[in-house]
Amino acid sequence: MSAKRLIDIDGLSLDLIETILERAVALSQGAEPFAQTHTVANVFFEPSTRTRVSFEMAATRLGLRVINLDGERSSITKGESVLDTLKTLHAMGVELAVLRHEQTGICHELMDELPPGLGLINAGDGCGHHPTQALLDAATLIAQGVDLPTAKVVICGDLRHSRVARSNVALLTRLGVGEIGLAGPEALMPAMGSDFEGIKRFEDLDSALANADVVMMLRVQKERMDAAHGGLDWADYHQHWGLTAERLAKAKPDCWVMHPGPMNRGVELSADVADGPRSLILTQVRMSVFTRMAIFEALLS
Ligand code: NCD
C-alpha cells in the first residue's frame, strides 16, 4: 500500500481536512492520543524553531520513534541528493518524512520518485506551500471560537514570498471562510496569475483592518528577497505596514492577531501588539503540537 502524503492543501480532501482540525481541537482539550509505533524523520534543510520542534514534540507525545536529520550536517553537504537521502532513511526503517527545504516545489517533484511505502509531509518548500501551518492556524481559530463561515480574515505583509499565505488562502477558501483579504506593499504582493488570483486586495493596512475579525501578519522574509525586492527601508515599512496598538485600536475590539513566527518585532508588528491581549501568536505555537499530532494520526493510521 502507498504511504500517505501531505504536500499542499489542494491535495487534501475536505473530509481529511475536517478530521484533522476536529482532532487537533479535541487533543488540545485533553483527548487521549492514539498510540503509534511507527518511525518518522524530521528532515530540515532550512532553519526552523517552532515547526521542527513541534513535529518532534507531536511525534514524541504519540509514542512515535523520531529521527532528526539536520540537513546542514548530513551527506547532502557531500553532494547527495534529497531523494537519495530520503531513500536512505526509508531503507533504515523510516516510514514518514517531514521535509523542509528552500527549493520551491521540491515536494511535488519528489512525490513520484519516492519509495511507495514512504510518507511525506511538506513542512515548507521555498516560497511554495506550508500546509501544516495553515491547518494549525485554522485549528487555532476554531479552538478560539471564531465562526469561520462569517469571519473576515486579512493576511498582511510580505505576501510575495509567503508559503504560509498561499496555504492559508487555499485552506480558508476550502473551509468557506466569510471573506479573505490581502494587504501589503506593491513590491511584496504576489505575482498576478498566482494562487492569490481573485482574492480581495486592500491598498493600505487601515482599510484592511476595518471590519476584520482576524489579521494574520506575515514576516518580511529578508532571506528570500532578490535585488528587486531587497531594498526595503524597515522603518518606512513599519510606518506604513506595521501593526501597532494605535492601528489595531481602529479594528473591531475583538479582532484577533496572528503571526506564524518568527517575528521581526518593530517591523511587521510592534512588541505591544505581539504581546497584547488580542495576540494568538503563542496559542498558534501551542496548537501546532496538537495539529501535528492529528496529522501524524491521520497519515499513519
Ligand atoms: C514560517 C515559515 O517558515 O514558512 N514560519 C513557520 O513555519 N512557523 C513563516 C516565516 O518563516 O516567516
# chains A, B, ... in the order shown; residues from 1 in each chain; ligands from 1
>>> residues_around(residues="stretch 6-10 of chain A", least_positions_apart="2", cutoff="6 Å", atoms="only C-alpha atoms", output="JSON list (two decimals) with N, CA and C atoms, in the first residue's frame")
[["chain", "number", "residue", "atom", "x", "y", "z"],
["A", 12, "LEU", "N", -5.59, 17.64, -0.33],
["A", 12, "LEU", "CA", -6.34, 17.03, 0.79],
["A", 12, "LEU", "C", -7.83, 17.07, 0.50],
["A", 121, "ILE", "N", 5.50, 14.65, 4.45],
["A", 121, "ILE", "CA", 4.78, 15.85, 4.87],
["A", 121, "ILE", "C", 5.62, 17.05, 4.46],
["A", 122, "ASN", "N", 5.01, 17.98, 3.76],
["A", 122, "ASN", "CA", 5.69, 19.21, 3.38],
["A", 122, "ASN", "C", 5.67, 20.17, 4.57],
["A", 131, "PRO", "N", 1.38, 23.63, 4.22],
["A", 131, "PRO", "CA", 0.01, 23.23, 4.58],
["A", 131, "PRO", "C", -0.20, 22.98, 6.06]]
>>> residues_near_ligand(ligand="ligand 1", cutoff="10 Å", atoms="only C-alpha atoms and all ligand atoms", output="CSV table (one decimal) with N, CA and C atoms, in the first residue's frame")
chain,number,residue,atom,x,y,z
A,46,GLU,N,16.3,23.9,6.2
A,46,GLU,CA,16.2,25.4,6.4
A,46,GLU,C,16.1,25.6,7.9
A,47,PRO,N,16.5,26.7,8.4
A,47,PRO,CA,16.4,26.9,9.9
A,47,PRO,C,14.9,26.9,10.3
A,48,SER,N,14.7,26.4,11.5
A,48,SER,CA,13.3,26.3,12.0
A,48,SER,C,13.4,26.1,13.5
A,49,THR,N,12.5,26.8,14.2
A,49,THR,CA,12.4,26.5,15.6
A,49,THR,C,11.0,25.8,15.9
A,50,ARG,N,9.9,26.6,15.6
A,50,ARG,CA,8.6,26.0,16.0
A,50,ARG,C,8.2,24.9,15.2
A,51,THR,N,8.4,24.9,13.8
A,51,THR,CA,7.9,23.8,13.0
A,51,THR,C,8.7,22.5,13.4
A,52,ARG,N,10.0,22.6,13.4
A,52,ARG,CA,10.8,21.4,13.7
A,52,ARG,C,10.5,20.8,15.1
A,54,SER,N,7.9,21.4,17.0
A,54,SER,CA,6.5,20.9,17.2
A,54,SER,C,6.3,19.6,16.6
A,100,ARG,N,11.5,20.0,5.2
A,100,ARG,CA,11.5,21.4,4.9
A,100,ARG,C,12.7,21.7,4.0
A,101,HIS,N,12.5,22.5,3.0
A,101,HIS,CA,13.6,22.7,2.0
A,101,HIS,C,13.4,24.1,1.4
A,102,GLU,N,14.5,24.8,1.0
A,102,GLU,CA,14.4,26.1,0.4
A,102,GLU,C,13.9,26.1,-1.0
A,123,ALA,N,6.8,20.4,5.1
A,123,ALA,CA,6.9,21.4,6.3
A,123,ALA,C,7.4,22.7,5.8
A,124,GLY,N,7.2,23.0,4.5
A,124,GLY,CA,7.6,24.3,4.0
A,124,GLY,C,8.6,24.1,2.8
A,125,ASP,N,8.2,24.5,1.6
A,125,ASP,CA,9.1,24.4,0.5
A,125,ASP,C,9.3,25.8,-0.1
A,126,GLY,N,10.4,26.4,0.1
A,126,GLY,CA,10.7,27.8,-0.5
A,126,GLY,C,9.5,28.7,-0.4
A,127,CYS,N,9.2,29.3,-1.5
A,127,CYS,CA,8.0,30.2,-1.5
A,127,CYS,C,6.7,29.5,-1.9
A,128,GLY,N,6.8,28.2,-1.8
A,128,GLY,CA,5.6,27.3,-2.2
A,128,GLY,C,4.5,27.2,-1.2
A,129,HIS,N,4.5,26.1,-0.5
A,129,HIS,CA,3.4,25.8,0.4
A,129,HIS,C,3.9,25.4,1.8
A,130,HIS,N,2.9,25.6,2.7
A,130,HIS,CA,3.2,25.3,4.1
A,130,HIS,C,1.9,24.8,4.7
A,131,PRO,N,1.4,23.6,4.2
A,131,PRO,CA,0.0,23.2,4.6
A,131,PRO,C,-0.2,23.0,6.1
A,132,THR,N,0.8,22.5,6.8
A,132,THR,CA,0.6,22.2,8.2
A,132,THR,C,0.4,23.5,9.0
A,133,GLN,N,1.1,24.6,8.5
A,133,GLN,CA,0.9,25.9,9.2
A,133,GLN,C,-0.5,26.4,9.0
A,134,ALA,N,-1.0,26.2,7.8
A,134,ALA,CA,-2.4,26.7,7.6
A,134,ALA,C,-3.4,25.8,8.4
A,136,LEU,N,-2.8,24.4,11.3
A,136,LEU,CA,-2.7,24.8,12.7
A,136,LEU,C,-3.3,26.2,13.0
A,158,ASP,N,4.4,40.5,3.7
A,158,ASP,CA,5.2,40.1,2.6
A,158,ASP,C,4.6,38.8,1.9
A,161,HIS,N,6.6,36.3,-0.9
A,161,HIS,CA,7.5,35.2,-0.5
A,161,HIS,C,6.8,34.2,0.4
A,162,SER,N,5.5,34.4,0.7
A,162,SER,CA,4.9,33.6,1.8
A,162,SER,C,4.2,32.3,1.4
A,163,ARG,N,4.8,31.2,1.8
A,163,ARG,CA,4.2,29.9,1.6
A,163,ARG,C,3.0,29.8,2.6
A,164,VAL,N,3.2,30.5,3.8
A,164,VAL,CA,2.1,30.5,4.8
A,164,VAL,C,0.8,31.1,4.2
A,165,ALA,N,1.0,32.3,3.5
A,165,ALA,CA,-0.2,32.9,2.9
A,165,ALA,C,-0.8,32.1,1.9
A,217,MET,N,-0.5,38.6,10.4
A,217,MET,CA,0.6,39.3,9.9
A,217,MET,C,1.7,38.4,9.4
A,218,LEU,N,2.4,38.8,8.4
A,218,LEU,CA,3.5,37.9,7.8
A,218,LEU,C,4.8,38.5,8.1
A,219,ARG,N,5.8,37.6,8.3
A,219,ARG,CA,7.2,38.1,8.4
A,219,ARG,C,7.7,38.7,7.1
A,220,VAL,N,8.5,39.7,7.2
A,220,VAL,CA,9.2,40.2,6.0
A,220,VAL,C,10.4,39.3,5.8
A,221,GLN,N,10.3,38.5,4.7
A,221,GLN,CA,11.3,37.4,4.5
A,221,GLN,C,12.5,37.9,3.8
A,222,LYS,N,13.4,38.5,4.6
A,222,LYS,CA,14.6,39.2,4.1
A,222,LYS,C,15.4,38.2,3.3
A,223,GLU,N,15.5,36.9,3.8
A,223,GLU,CA,16.4,35.9,3.2
A,223,GLU,C,15.9,35.5,1.8
A,224,ARG,N,14.6,35.7,1.5
A,224,ARG,CA,14.1,35.3,0.1
A,224,ARG,C,14.1,36.5,-0.9
A,259,HIS,N,0.4,35.5,13.8
A,259,HIS,CA,1.6,35.6,13.1
A,259,HIS,C,2.3,34.2,13.2
A,260,PRO,N,2.7,33.6,12.0
A,260,PRO,CA,3.3,32.3,12.1
A,260,PRO,C,4.6,32.2,12.8
A,261,GLY,N,5.2,33.4,13.1
A,261,GLY,CA,6.6,33.4,13.7
A,261,GLY,C,7.6,32.8,12.6
A,262,PRO,N,8.8,33.1,12.8
A,262,PRO,CA,9.4,34.1,13.8
A,262,PRO,C,9.1,35.5,13.4
A,263,MET,N,8.9,36.3,14.4
A,263,MET,CA,8.5,37.7,14.2
A,263,MET,C,9.7,38.6,14.1
A,264,ASN,N,9.6,39.7,13.3
A,264,ASN,CA,10.5,40.8,13.3
A,264,ASN,C,9.8,41.9,14.1
A,284,GLN,N,-1.1,29.8,18.7
A,284,GLN,CA,-0.7,29.1,17.5
A,284,GLN,C,0.4,28.1,17.7
A,285,VAL,N,1.4,28.5,18.5
A,285,VAL,CA,2.5,27.6,18.8
A,285,VAL,C,2.0,26.4,19.5
A,288,SER,N,0.1,24.1,17.4
A,288,SER,CA,0.9,23.5,16.4
A,288,SER,C,1.2,22.0,16.8
>>> select_by_dssp(residues="stretch 62-101 of chain A", states="helix (DSSP H, G or I)", output="MDAnalysis selection string")
chainID A and resid 62 71:73 75:78 82:91
>>> residues_around(residues="A:Arg278", least_positions_apart="2", cutoff="9 Å", atoms="only C-alpha atoms", output="count of residues only")
11
>>> closest_residue(among="A:Lys152, A:Phe202, A:Pro185, A:Leu282", to="A:His238", atoms="only C-alpha atoms")
A:Pro185
>>> atom_distance(atom1="atom CA of A:Arg265", atom2="atom CA of A:Ser207")
22.2 Å
>>> residues_around(residues="A:Ser270", least_positions_apart="2", cutoff="8 Å", atoms="only C-alpha atoms", output="PDB file with C-alpha atoms, in the first residue's frame")
ATOM      1  CA  GLY A 242       3.457  47.637  10.712  1.00  0.00           C
ATOM      2  CA  LEU A 243       0.612  46.595  13.018  1.00  0.00           C
ATOM      3  CA  THR A 244       0.802  48.929  16.025  1.00  0.00           C
ATOM      4  CA  ALA A 245      -1.532  49.229  19.017  1.00  0.00           C
ATOM      5  CA  ARG A 265       9.358  42.928  16.242  1.00  0.00           C
ATOM      6  CA  GLY A 266       9.212  46.579  15.242  1.00  0.00           C
ATOM      7  CA  VAL A 267       8.902  45.718  11.545  1.00  0.00           C
ATOM      8  CA  GLU A 268       5.668  43.884  10.682  1.00  0.00           C
ATOM      9  CA  ASP A 272       2.908  45.659  22.420  1.00  0.00           C
ATOM     10  CA  VAL A 273       0.646  44.067  19.784  1.00  0.00           C
ATOM     11  CA  ALA A 274       2.677  40.840  19.703  1.00  0.00           C
TER      12      ALA A 274
END
>>> closest_residue(among="A:Val53, A:Pro115, A:Arg61, A:Phe45", to="A:Leu27", atoms="only C-alpha atoms")
A:Arg61
>>> residues_around(residues="A:Val146", least_positions_apart="6", cutoff="10 Å", atoms="only C-alpha atoms", output="ChimeraX atom specification")
/A:138-140,213-214,256
>>> residues_around(residues="A:Glu32", least_positions_apart="2", cutoff="12 Å", atoms="only C-alpha atoms", output="PyMOL selection string")
chain A and resi 23-30+34-35+61-62+290+293-294+297
>>> write_last_selection(atoms="N, CA, C and O atoms", output="short mmCIF file (atom, residue, chain, number, x, y, z; two decimals), in the first residue's frame")
data_model
loop_
_atom_site.label_atom_id
_atom_site.label_comp_id
_atom_site.auth_asym_id
_atom_site.auth_seq_id
_atom_site.Cartn_x
_atom_site.Cartn_y
_atom_site.Cartn_z
N ARG A 23 -9.83 16.80 15.26
CA ARG A 23 -8.97 16.02 16.15
C ARG A 23 -7.95 16.92 16.87
O ARG A 23 -7.68 16.73 18.05
N ALA A 24 -7.43 17.92 16.15
CA ALA A 24 -6.46 18.84 16.76
C ALA A 24 -7.12 19.57 17.92
O ALA A 24 -6.54 19.68 19.01
N VAL A 25 -8.35 20.03 17.70
CA VAL A 25 -9.05 20.76 18.77
C VAL A 25 -9.34 19.80 19.94
O VAL A 25 -9.12 20.13 21.11
N ALA A 26 -9.78 18.57 19.60
CA ALA A 26 -10.07 17.59 20.68
C ALA A 26 -8.80 17.29 21.49
O ALA A 26 -8.83 17.26 22.72
N LEU A 27 -7.68 17.09 20.81
CA LEU A 27 -6.42 16.82 21.51
C LEU A 27 -6.04 17.99 22.41
O LEU A 27 -5.58 17.81 23.54
N SER A 28 -6.29 19.21 21.92
CA SER A 28 -5.94 20.40 22.73
C SER A 28 -6.83 20.50 23.96
O SER A 28 -6.49 21.17 24.93
N GLN A 29 -8.01 19.81 23.89
CA GLN A 29 -8.93 19.85 25.04
C GLN A 29 -8.80 18.60 25.90
O GLN A 29 -9.64 18.32 26.73
N GLY A 30 -7.76 17.82 25.66
CA GLY A 30 -7.46 16.70 26.56
C GLY A 30 -7.78 15.32 26.05
O GLY A 30 -7.64 14.34 26.79
N PHE A 34 -3.87 8.54 20.05
CA PHE A 34 -3.78 7.13 19.66
C PHE A 34 -2.30 6.75 19.67
O PHE A 34 -1.50 7.39 18.98
N ALA A 35 -1.95 5.71 20.41
CA ALA A 35 -0.53 5.32 20.48
C ALA A 35 -0.06 4.83 19.11
O ALA A 35 -0.80 4.16 18.39
N ARG A 61 4.79 12.76 21.74
CA ARG A 61 3.55 12.58 22.51
C ARG A 61 2.72 11.40 22.01
O ARG A 61 1.93 10.84 22.75
N LEU A 62 2.91 11.04 20.73
CA LEU A 62 2.17 9.90 20.18
C LEU A 62 2.92 8.59 20.39
O LEU A 62 2.41 7.52 20.06
N PHE A 290 -0.64 20.02 18.75
CA PHE A 290 -1.86 19.19 18.64
C PHE A 290 -2.23 18.94 17.18
O PHE A 290 -2.67 17.85 16.81
N MET A 293 0.10 16.40 15.79
CA MET A 293 -0.29 15.07 16.30
C MET A 293 -1.44 14.53 15.45
O MET A 293 -1.44 13.37 15.01
N ALA A 294 -2.44 15.38 15.21
CA ALA A 294 -3.62 14.95 14.43
C ALA A 294 -3.20 14.58 13.01
O ALA A 294 -3.74 13.63 12.43
N GLU A 297 -1.47 11.18 13.17
CA GLU A 297 -2.50 10.13 13.34
C GLU A 297 -3.21 9.85 12.01
O GLU A 297 -3.42 8.69 11.65
#
>>> atom_distance(atom1="atom CA of A:Val40", atom2="atom CA of A:Gly11")
20.9 Å
>>> select_by_dssp(residues="stretch 28-251 of chain A", states="strand (DSSP E)", output="number ranges by chain")
A: 39-44, 65-70, 96-101, 119-125, 152-156, 179-183, 200-202, 214-217
>>> atom_distance(atom1="atom CA of A:Asp137", atom2="atom CA of A:Ser194")
21.8 Å
>>> closest_residue(among="A:Glu56, A:Asp84, A:Glu186, A:Glu197", to="A:Cys156", atoms="only C-alpha atoms")
A:Glu186
>>> closest_residue(among="A:Val169, A:Ile106, A:Leu86, A:Ala251", to="A:Leu135", atoms="only C-alpha atoms")
A:Val169
>>> closest_residue(among="A:Ser301, A:Phe55, A:Ile180, A:Thr283", to="A:Gln144", atoms="only C-alpha atoms")
A:Thr283
>>> closest_atom_pairs(of="stretch 107-198 of chain A", to="stretch 13-18 of chain A", cutoff="9 Å", atoms="only C-alpha atoms", output="CSV")
residue,atom,partner,partner_atom,distance
A:Leu135,CA,A:Ile17,CA,7.8
A:Leu171,CA,A:Ile17,CA,8.7
A:Arg174,CA,A:Leu14,CA,7.3
A:Leu175,CA,A:Leu14,CA,8.0
>>> write_last_selection(atoms="N, CA and C atoms", output="PDB file, in the first residue's frame")
ATOM      1  N   LEU A 135      -3.134  24.551   8.545  1.00  0.00           N
ATOM      2  CA  LEU A 135      -4.020  23.704   9.355  1.00  0.00           C
ATOM      3  C   LEU A 135      -3.965  24.117  10.821  1.00  0.00           C
ATOM      4  N   LEU A 171      -6.606  27.041   2.210  1.00  0.00           N
ATOM      5  CA  LEU A 171      -7.388  26.346   3.234  1.00  0.00           C
ATOM      6  C   LEU A 171      -8.637  27.137   3.625  1.00  0.00           C
ATOM      7  N   ARG A 174     -11.224  26.701   1.068  1.00  0.00           N
ATOM      8  CA  ARG A 174     -11.855  25.370   1.154  1.00  0.00           C
ATOM      9  C   ARG A 174     -12.844  25.314   2.312  1.00  0.00           C
ATOM     10  N   LEU A 175     -12.509  26.008   3.403  1.00  0.00           N
ATOM     11  CA  LEU A 175     -13.364  25.957   4.590  1.00  0.00           C
ATOM     12  C   LEU A 175     -14.544  26.935   4.488  1.00  0.00           C
TER      13      LEU A 175
END
>>> decode(residues="stretch 180-193 of chain A", atoms="N, CA, C and O atoms", output="PDB file, in the first residue's frame")
ATOM      1  N   ILE A 180     -11.825  36.749   2.640  1.00  0.00           N
ATOM      2  CA  ILE A 180     -10.364  36.807   2.778  1.00  0.00           C
ATOM      3  C   ILE A 180      -9.901  38.070   2.077  1.00  0.00           C
ATOM      4  O   ILE A 180     -10.371  38.392   0.975  1.00  0.00           O
ATOM      5  N   GLY A 181      -8.984  38.794   2.706  1.00  0.00           N
ATOM      6  CA  GLY A 181      -8.405  39.976   2.075  1.00  0.00           C
ATOM      7  C   GLY A 181      -6.894  39.938   2.196  1.00  0.00           C
ATOM      8  O   GLY A 181      -6.349  39.298   3.104  1.00  0.00           O
ATOM      9  N   LEU A 182      -6.227  40.614   1.275  1.00  0.00           N
ATOM     10  CA  LEU A 182      -4.766  40.668   1.276  1.00  0.00           C
ATOM     11  C   LEU A 182      -4.333  42.128   1.329  1.00  0.00           C
ATOM     12  O   LEU A 182      -4.974  42.980   0.707  1.00  0.00           O
ATOM     13  N   ALA A 183      -3.247  42.405   2.034  1.00  0.00           N
ATOM     14  CA  ALA A 183      -2.720  43.772   2.044  1.00  0.00           C
ATOM     15  C   ALA A 183      -1.216  43.721   2.227  1.00  0.00           C
ATOM     16  O   ALA A 183      -0.696  42.938   3.028  1.00  0.00           O
ATOM     17  N   GLY A 184      -0.533  44.568   1.482  1.00  0.00           N
ATOM     18  CA  GLY A 184       0.928  44.639   1.611  1.00  0.00           C
ATOM     19  C   GLY A 184       1.457  45.618   0.590  1.00  0.00           C
ATOM     20  O   GLY A 184       0.733  46.016  -0.334  1.00  0.00           O
ATOM     21  N   PRO A 185       2.715  46.011   0.743  1.00  0.00           N
ATOM     22  CA  PRO A 185       3.277  46.940  -0.235  1.00  0.00           C
ATOM     23  C   PRO A 185       3.293  46.313  -1.624  1.00  0.00           C
ATOM     24  O   PRO A 185       3.473  45.098  -1.752  1.00  0.00           O
ATOM     25  N   GLU A 186       3.115  47.148  -2.622  1.00  0.00           N
ATOM     26  CA  GLU A 186       3.034  46.672  -4.006  1.00  0.00           C
ATOM     27  C   GLU A 186       4.208  45.727  -4.338  1.00  0.00           C
ATOM     28  O   GLU A 186       4.018  44.670  -4.951  1.00  0.00           O
ATOM     29  N   ALA A 187       5.419  46.108  -3.902  1.00  0.00           N
ATOM     30  CA  ALA A 187       6.612  45.311  -4.247  1.00  0.00           C
ATOM     31  C   ALA A 187       6.566  43.918  -3.629  1.00  0.00           C
ATOM     32  O   ALA A 187       7.282  43.016  -4.072  1.00  0.00           O
ATOM     33  N   LEU A 188       5.749  43.732  -2.597  1.00  0.00           N
ATOM     34  CA  LEU A 188       5.703  42.431  -1.924  1.00  0.00           C
ATOM     35  C   LEU A 188       4.366  41.719  -2.126  1.00  0.00           C
ATOM     36  O   LEU A 188       4.050  40.764  -1.415  1.00  0.00           O
ATOM     37  N   MET A 189       3.602  42.201  -3.096  1.00  0.00           N
ATOM     38  CA  MET A 189       2.362  41.486  -3.412  1.00  0.00           C
ATOM     39  C   MET A 189       2.695  40.297  -4.306  1.00  0.00           C
ATOM     40  O   MET A 189       3.662  40.338  -5.065  1.00  0.00           O
ATOM     41  N   PRO A 190       1.906  39.240  -4.218  1.00  0.00           N
ATOM     42  CA  PRO A 190       2.199  38.066  -5.045  1.00  0.00           C
ATOM     43  C   PRO A 190       1.993  38.371  -6.522  1.00  0.00           C
ATOM     44  O   PRO A 190       1.200  39.248  -6.865  1.00  0.00           O
ATOM     45  N   ALA A 191       2.708  37.644  -7.378  1.00  0.00           N
ATOM     46  CA  ALA A 191       2.598  37.864  -8.818  1.00  0.00           C
ATOM     47  C   ALA A 191       1.168  37.579  -9.265  1.00  0.00           C
ATOM     48  O   ALA A 191       0.481  36.733  -8.689  1.00  0.00           O
ATOM     49  N   MET A 192       0.723  38.278 -10.280  1.00  0.00           N
ATOM     50  CA  MET A 192      -0.609  38.027 -10.835  1.00  0.00           C
ATOM     51  C   MET A 192      -0.623  36.624 -11.451  1.00  0.00           C
ATOM     52  O   MET A 192       0.427  36.068 -11.763  1.00  0.00           O
ATOM     53  N   GLY A 193      -1.787  36.090 -11.624  1.00  0.00           N
ATOM     54  CA  GLY A 193      -1.893  34.752 -12.208  1.00  0.00           C
ATOM     55  C   GLY A 193      -1.467  33.682 -11.217  1.00  0.00           C
ATOM     56  O   GLY A 193      -1.232  32.541 -11.577  1.00  0.00           O
TER      57      GLY A 193
END
